[in-house]
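Enquirer: Can you read through this structure? Questions will come right after.
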Amino acid sequence: MALLKVGDSGEAVAALQQRLRKLGFDPGAAHGEFTAATEAAVRAFQSSVGLAPDGVAGPNTIAALQRPNVSSNVKLEMVAQMFPNTPPVNIQFHLPFVLKALFDADLADKNMVLMALATIRAETEPFQPMDEQVSAHNTSPEGPPFDKYDNRAELGNLGPPDGALFKGRGFVQLTGRGNYEQFGHAIFLGDRLVHNPELANDPDVAARILAAYLGNREARIRSALAFANLDQARQLVNGGTHGLEGFRDAFQRGEVLLPDSVKIETEPKASAS
C-alpha cells in the first residue's frame with residue numbers, strides 16, 4: 001500500500017480523513033487534500049496506538065485505523081515466532097484482519113489458520129499487503145514493468161497494460177485480470193477490484209481475498225494436510241515451489257505454537273464518541 005503524506009490528494013486521502021474524523025481526530029476541512037492539519041491528526045492517532053508519530057499514513061497506520069475487534073487464542077507472540085524476520089508491530093496491526101476473514105469464511109480451525117499464516121510467510125513475509133516487485137520472472141530485459149504478464153491468457157490478461165495493472169498484490173499476491181475479477185466477486189466487491197486494483201492492498205480486502213483463495217481450494221488443501229504433504233498444500237496456492245522453504249518453516253513452527261483448538265471471536269466495532 002502506498003504511503004499517504006502531506007501534498008497527496010484523492011480518494012485514499014479522503015477515506016483517511018473520514019476515518020480519522022470518525023475516531024475523534026480532526027484532519028481539518030480540506031476534504032481529499034493531505035494538509036498540515038491532516039498530518040497533525042495522523043500524528044495524534046499514531047501516538048494513541050503506540051506507533052511512531054511520523055505523520056505519514058503507511059500500512060500499519062492504515063491497518064490501525066481500520067482494525068477489527070477480534071479476540072483469539074492465536075496470539076501475537078505465537079505468530080511472531082512463525083515470522084522470525086518480521087517486525088512484530090506489522091503482525092500486531094494486520095493479524096486481526098486475517099483472523100476475522102478466516103472466521104467469516106468458516107476457516108477458523110488450526111490447519112486453515114496455519115495454512116493462511118504460512119502462505120503469508122511465503123508470499124509477503126513482512127506481514128503487510130504489498131505490491132509484487134519487478135524481477136526477471138515478470139519483466140523482460142529492457143521491457144516495461146510486468147510485460148511478461150501482459151498476454152498471459154491463463155491469467156485473463158488482455159495485453160498491455162494488464163500486466164502492470166494486475167500485478168501481484170495483497171497477502172496472497174493476487175495476479176491477473178481473471179483473478180481480480182473472480183475474487184472481487186467472491187468477496188462481494190463486484191467489479192470494484194478490477195476498476196481499482198490497488199484495493200487488493202487494503203488490509204481488510206487483502207485478508208478477505210486470502211480467505212476466499214484458500215476457501216476455493218479448501219477440500220484439496222485439507223486432503224494434502226491430512227497426509228502432512230506441505231509441498232502439495234503450498235503448490236495448491238502458488239502452483240509451484242516459490243516460498244516453499246518459508247512456508248514449511250512457518251507451518252511447522254505454528255504446529256507447535258498454536259493451540260489445537262483455535263478460538264476466534266469477532267465483536268462489532270464500538271462507535272466513536
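Ligands are numbered from 1 in the order shown, residues from 1 within each chain, and chains are lettered A, B, ... in the order they appear in the C-alpha cells.
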I'd like the contact shell of Phe171 (chain A) - 10 Å cut-off, only C-alpha atoms, skipping same-chain residues fewer than 6 positions apart - returned as a count of residues only.
Expert: 27
Enquirer: Can you tell me which residues surround region 190-195 of chain A at a distance of at most 10 Å, considering only C-alpha atoms, apart from same-chain residues fewer than 4 positions away, and format the answer as a list of chain:residue names?
Expert: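 Non-adjacent residues within range: A:Leu165, A:Phe166, A:Gly176, A:Arg177, A:Gly178, A:Asn179, A:Tyr180, A:Glu181, A:Gln182, A:Phe183, A:Gly184, A:His185, A:Ala186, A:Leu199, A:Ala200, A:Val205.
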Enquirer: Write to file, as a PDB file, in the first residue's frame, the residues of the selection just made, with N, CA and C atoms.
Expert:
```
ATOM      1  N   LEU A 165      -1.177  -3.478 -14.425  1.00  0.00           N
ATOM      2  CA  LEU A 165      -2.404  -3.183 -13.695  1.00  0.00           C
ATOM      3  C   LEU A 165      -2.764  -4.290 -12.715  1.00  0.00           C
ATOM      4  N   PHE A 166      -2.552  -5.534 -13.136  1.00  0.00           N
ATOM      5  CA  PHE A 166      -2.988  -6.675 -12.336  1.00  0.00           C
ATOM      6  C   PHE A 166      -1.800  -7.508 -11.872  1.00  0.00           C
ATOM      7  N   GLY A 176      -3.281 -11.130 -12.109  1.00  0.00           N
ATOM      8  CA  GLY A 176      -4.019 -11.363 -13.342  1.00  0.00           C
ATOM      9  C   GLY A 176      -5.445 -10.855 -13.295  1.00  0.00           C
ATOM     10  N   ARG A 177      -5.881 -10.292 -14.423  1.00  0.00           N
ATOM     11  CA  ARG A 177      -7.232  -9.744 -14.525  1.00  0.00           C
ATOM     12  C   ARG A 177      -8.291 -10.772 -14.122  1.00  0.00           C
ATOM     13  N   GLY A 178      -8.120 -12.014 -14.572  1.00  0.00           N
ATOM     14  CA  GLY A 178      -9.104 -13.046 -14.258  1.00  0.00           C
ATOM     15  C   GLY A 178      -9.262 -13.273 -12.771  1.00  0.00           C
ATOM     16  N   ASN A 179      -8.160 -13.277 -12.051  1.00  0.00           N
ATOM     17  CA  ASN A 179      -8.228 -13.468 -10.603  1.00  0.00           C
ATOM     18  C   ASN A 179      -8.835 -12.252  -9.909  1.00  0.00           C
ATOM     19  N   TYR A 180      -8.506 -11.058 -10.381  1.00  0.00           N
ATOM     20  CA  TYR A 180      -9.100  -9.861  -9.790  1.00  0.00           C
ATOM     21  C   TYR A 180     -10.620  -9.872 -10.002  1.00  0.00           C
ATOM     22  N   GLU A 181     -11.052 -10.317 -11.180  1.00  0.00           N
ATOM     23  CA  GLU A 181     -12.492 -10.413 -11.437  1.00  0.00           C
ATOM     24  C   GLU A 181     -13.133 -11.472 -10.542  1.00  0.00           C
ATOM     25  N   GLN A 182     -12.537 -12.674 -10.528  1.00  0.00           N
ATOM     26  CA  GLN A 182     -13.131 -13.784  -9.771  1.00  0.00           C
ATOM     27  C   GLN A 182     -13.225 -13.483  -8.285  1.00  0.00           C
ATOM     28  N   PHE A 183     -12.128 -13.015  -7.706  1.00  0.00           N
ATOM     29  CA  PHE A 183     -12.121 -12.846  -6.256  1.00  0.00           C
ATOM     30  C   PHE A 183     -12.744 -11.526  -5.824  1.00  0.00           C
ATOM     31  N   GLY A 184     -12.802 -10.550  -6.723  1.00  0.00           N
ATOM     32  CA  GLY A 184     -13.581  -9.358  -6.431  1.00  0.00           C
ATOM     33  C   GLY A 184     -15.041  -9.716  -6.210  1.00  0.00           C
ATOM     34  N   HIS A 185     -15.570 -10.577  -7.072  1.00  0.00           N
ATOM     35  CA  HIS A 185     -16.953 -11.021  -6.907  1.00  0.00           C
ATOM     36  C   HIS A 185     -17.089 -11.946  -5.706  1.00  0.00           C
ATOM     37  N   ALA A 186     -16.074 -12.788  -5.455  1.00  0.00           N
ATOM     38  CA  ALA A 186     -16.150 -13.735  -4.344  1.00  0.00           C
ATOM     39  C   ALA A 186     -16.259 -13.029  -3.002  1.00  0.00           C
ATOM     40  N   LEU A 199      -7.041  -1.699  -4.465  1.00  0.00           N
ATOM     41  CA  LEU A 199      -7.839  -2.146  -3.318  1.00  0.00           C
ATOM     42  C   LEU A 199      -7.340  -3.470  -2.755  1.00  0.00           C
ATOM     43  N   ALA A 200      -6.662  -4.260  -3.574  1.00  0.00           N
ATOM     44  CA  ALA A 200      -6.154  -5.555  -3.107  1.00  0.00           C
ATOM     45  C   ALA A 200      -5.124  -5.401  -2.008  1.00  0.00           C
ATOM     46  N   VAL A 205      -9.500  -5.977   2.632  1.00  0.00           N
ATOM     47  CA  VAL A 205      -9.702  -6.633   1.334  1.00  0.00           C
ATOM     48  C   VAL A 205      -8.658  -7.731   1.131  1.00  0.00           C
TER      49      VAL A 205
END
```
Enquirer: Select from region 15-60 of chain A everything DSSP, run on the backbone, classes as helix (DSSP H, G or I), then give the selection as a list in words.
Expert: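 The helix (DSSP H, G or I) residues within region 15-60 of chain A come out as Ala15, Leu16, Gln17, Gln18, Arg19, Leu20, Arg21, Lys22, Ala36, Ala37, Thr38, Glu39, Ala40, Ala41, Val42, Arg43, Ala44, Phe45, Gln46, Ser47, Ser48, Val49, Pro59 and Asn60 of chain A.
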Enquirer: For the residues in that selection, give me C-alpha atoms as a short mmCIF file (atom, residue, chain, number, x, y, z; two decimals), in the first residue's frame.
Expert:
```cif
data_model
loop_
_atom_site.label_atom_id
_atom_site.label_comp_id
_atom_site.auth_asym_id
_atom_site.auth_seq_id
_atom_site.Cartn_x
_atom_site.Cartn_y
_atom_site.Cartn_z
CA ALA A 15 -11.07 7.94 3.17
CA LEU A 16 -8.21 8.50 5.61
CA GLN A 17 -9.69 11.81 6.71
CA GLN A 18 -13.14 10.31 7.18
CA ARG A 19 -11.76 7.54 9.37
CA LEU A 20 -9.66 9.94 11.44
CA ARG A 21 -12.68 12.17 11.99
CA LYS A 22 -14.86 9.19 12.97
CA ALA A 36 -0.78 20.02 7.69
CA ALA A 37 -3.96 19.58 9.76
CA THR A 38 -4.34 16.04 8.43
CA GLU A 39 -0.70 15.35 9.26
CA ALA A 40 -1.28 16.55 12.82
CA ALA A 41 -4.33 14.29 13.13
CA VAL A 42 -2.32 11.32 11.83
CA ARG A 43 0.45 12.04 14.36
CA ALA A 44 -2.05 12.21 17.21
CA PHE A 45 -3.68 8.96 16.15
CA GLN A 46 -0.32 7.21 15.76
CA SER A 47 0.68 8.24 19.28
CA SER A 48 -2.63 6.92 20.64
CA VAL A 49 -1.98 3.40 19.28
CA PRO A 59 0.42 0.26 6.07
CA ASN A 60 0.44 -0.05 9.87
#
```
Enquirer: Please list as an mmCIF file with C-alpha atoms, in the first residue's frame every residue within 12 Å of Glu255 (chain A), counting only C-alpha atoms and excluding residues in the same chain fewer than 5 positions away.
Expert:
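Result written to selection13.cif:
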```cif
data_model
loop_
_atom_site.group_PDB
_atom_site.id
_atom_site.type_symbol
_atom_site.label_atom_id
_atom_site.label_comp_id
_atom_site.auth_asym_id
_atom_site.auth_seq_id
_atom_site.Cartn_x
_atom_site.Cartn_y
_atom_site.Cartn_z
ATOM 1 C CA VAL A 74 -3.862 -17.235 18.396
ATOM 2 C CA MET A 78 2.972 -17.083 18.780
ATOM 3 C CA VAL A 79 2.702 -15.707 15.274
ATOM 4 C CA GLN A 81 7.801 -16.805 16.302
ATOM 5 C CA MET A 82 6.465 -18.091 12.973
ATOM 6 C CA LYS A 110 -5.927 -24.809 13.329
ATOM 7 C CA ASN A 111 -4.988 -26.294 9.945
ATOM 8 C CA MET A 112 -6.508 -23.474 7.918
ATOM 9 C CA VAL A 113 -5.126 -20.775 10.222
ATOM 10 C CA LEU A 114 -1.698 -22.371 9.814
ATOM 11 C CA MET A 115 -2.235 -22.543 6.066
ATOM 12 C CA LEU A 117 -0.207 -17.732 8.066
ATOM 13 C CA ALA A 118 2.322 -19.949 6.278
ATOM 14 C CA LEU A 225 -2.571 -31.571 5.065
ATOM 15 C CA ALA A 228 1.241 -33.927 6.048
ATOM 16 C CA ARG A 248 7.255 -25.168 5.611
ATOM 17 C CA ASP A 249 9.158 -23.408 8.378
ATOM 18 C CA ALA A 250 6.188 -21.259 9.408
ATOM 19 C CA ASP A 260 -5.041 -27.391 18.905
ATOM 20 C CA SER A 261 -8.458 -25.846 19.367
ATOM 21 C CA VAL A 262 -8.268 -22.411 17.758
#
```
Enquirer: Give me the residues near Val56 (chain A) as a list in words, where near means some atom within 7 Å (using only C-alpha atoms) and where sequence neighbours in that chain fewer than 6 positions away do not count.
Expert: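 With the cut-off at 7 Å, the set is Leu3, Leu4 and Lys5 of chain A.
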Enquirer: Emit the selected residues as a compact mmCIF listing (two decimals), in the first residue's frame, including C-alpha atoms.
Expert:
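Saved result, again_23.txt, follows:
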```txt
# COMPACT_ATOMS: atom_id res chain seq x y z
CA LEU A 3 2.25 5.93 1.79
CA LEU A 4 -0.05 8.92 2.21
CA LYS A 5 1.65 12.15 3.23
```
Enquirer: Counting only C-alpha atoms, which of A:Tyr213, A:Leu258, A:Pro161, A:Gly7 gets nearest to Ala80 (chain A)?
Expert: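 Between A:Tyr213, A:Leu258, A:Pro161, A:Gly7, the residue approaching Ala80 (chain A) most closely is A:Leu258.
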Enquirer: Would you pick out the contacts of Lys167 (chain A) at 9 Å or less, using only C-alpha atoms, so that residues sharing its chain but fewer than 2 positions from it are not included, and give the list as a list of chain:residue names?
Expert: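 Non-adjacent residues within range: A:Asp131, A:Glu132, A:Gln133, A:Asn138, A:Phe146, A:Tyr149, A:Asp162, A:Gly163, A:Ala164, A:Leu165, A:Arg169, A:Gln173, A:Leu174, A:Thr175, A:Gly176, A:Arg177, A:Pro197.
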Enquirer: Taking the DSSP secondary structure from the backbone, can you list the residues of region 13-252 of chain A that are strand (DSSP E), as a PyMOL selection string?
Expert: chain A and resi 69-72
Enquirer: If you keep C-alpha atoms, can you produce a file of those selected residues as an mmCIF file, in the first residue's frame?
Expert:
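Once everything was written out, this is out_15.cif:
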```
data_model
loop_
_atom_site.group_PDB
_atom_site.id
_atom_site.type_symbol
_atom_site.label_atom_id
_atom_site.label_comp_id
_atom_site.auth_asym_id
_atom_site.auth_seq_id
_atom_site.Cartn_x
_atom_site.Cartn_y
_atom_site.Cartn_z
ATOM 1 C CA ASN A 69 -12.391 -6.058 17.095
ATOM 2 C CA VAL A 70 -11.166 -9.651 17.214
ATOM 3 C CA SER A 71 -10.180 -11.833 20.142
ATOM 4 C CA SER A 72 -8.391 -15.147 19.720
#
```
Enquirer: Phe93 (chain A): which residues within 7 Å, counting only C-alpha atoms, same-chain residues fewer than 6 positions away excluded, as a list of chain:residue names?
Expert: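 Everything that qualifies: A:Asn60, A:Ala63, A:Ala64, A:Arg67.
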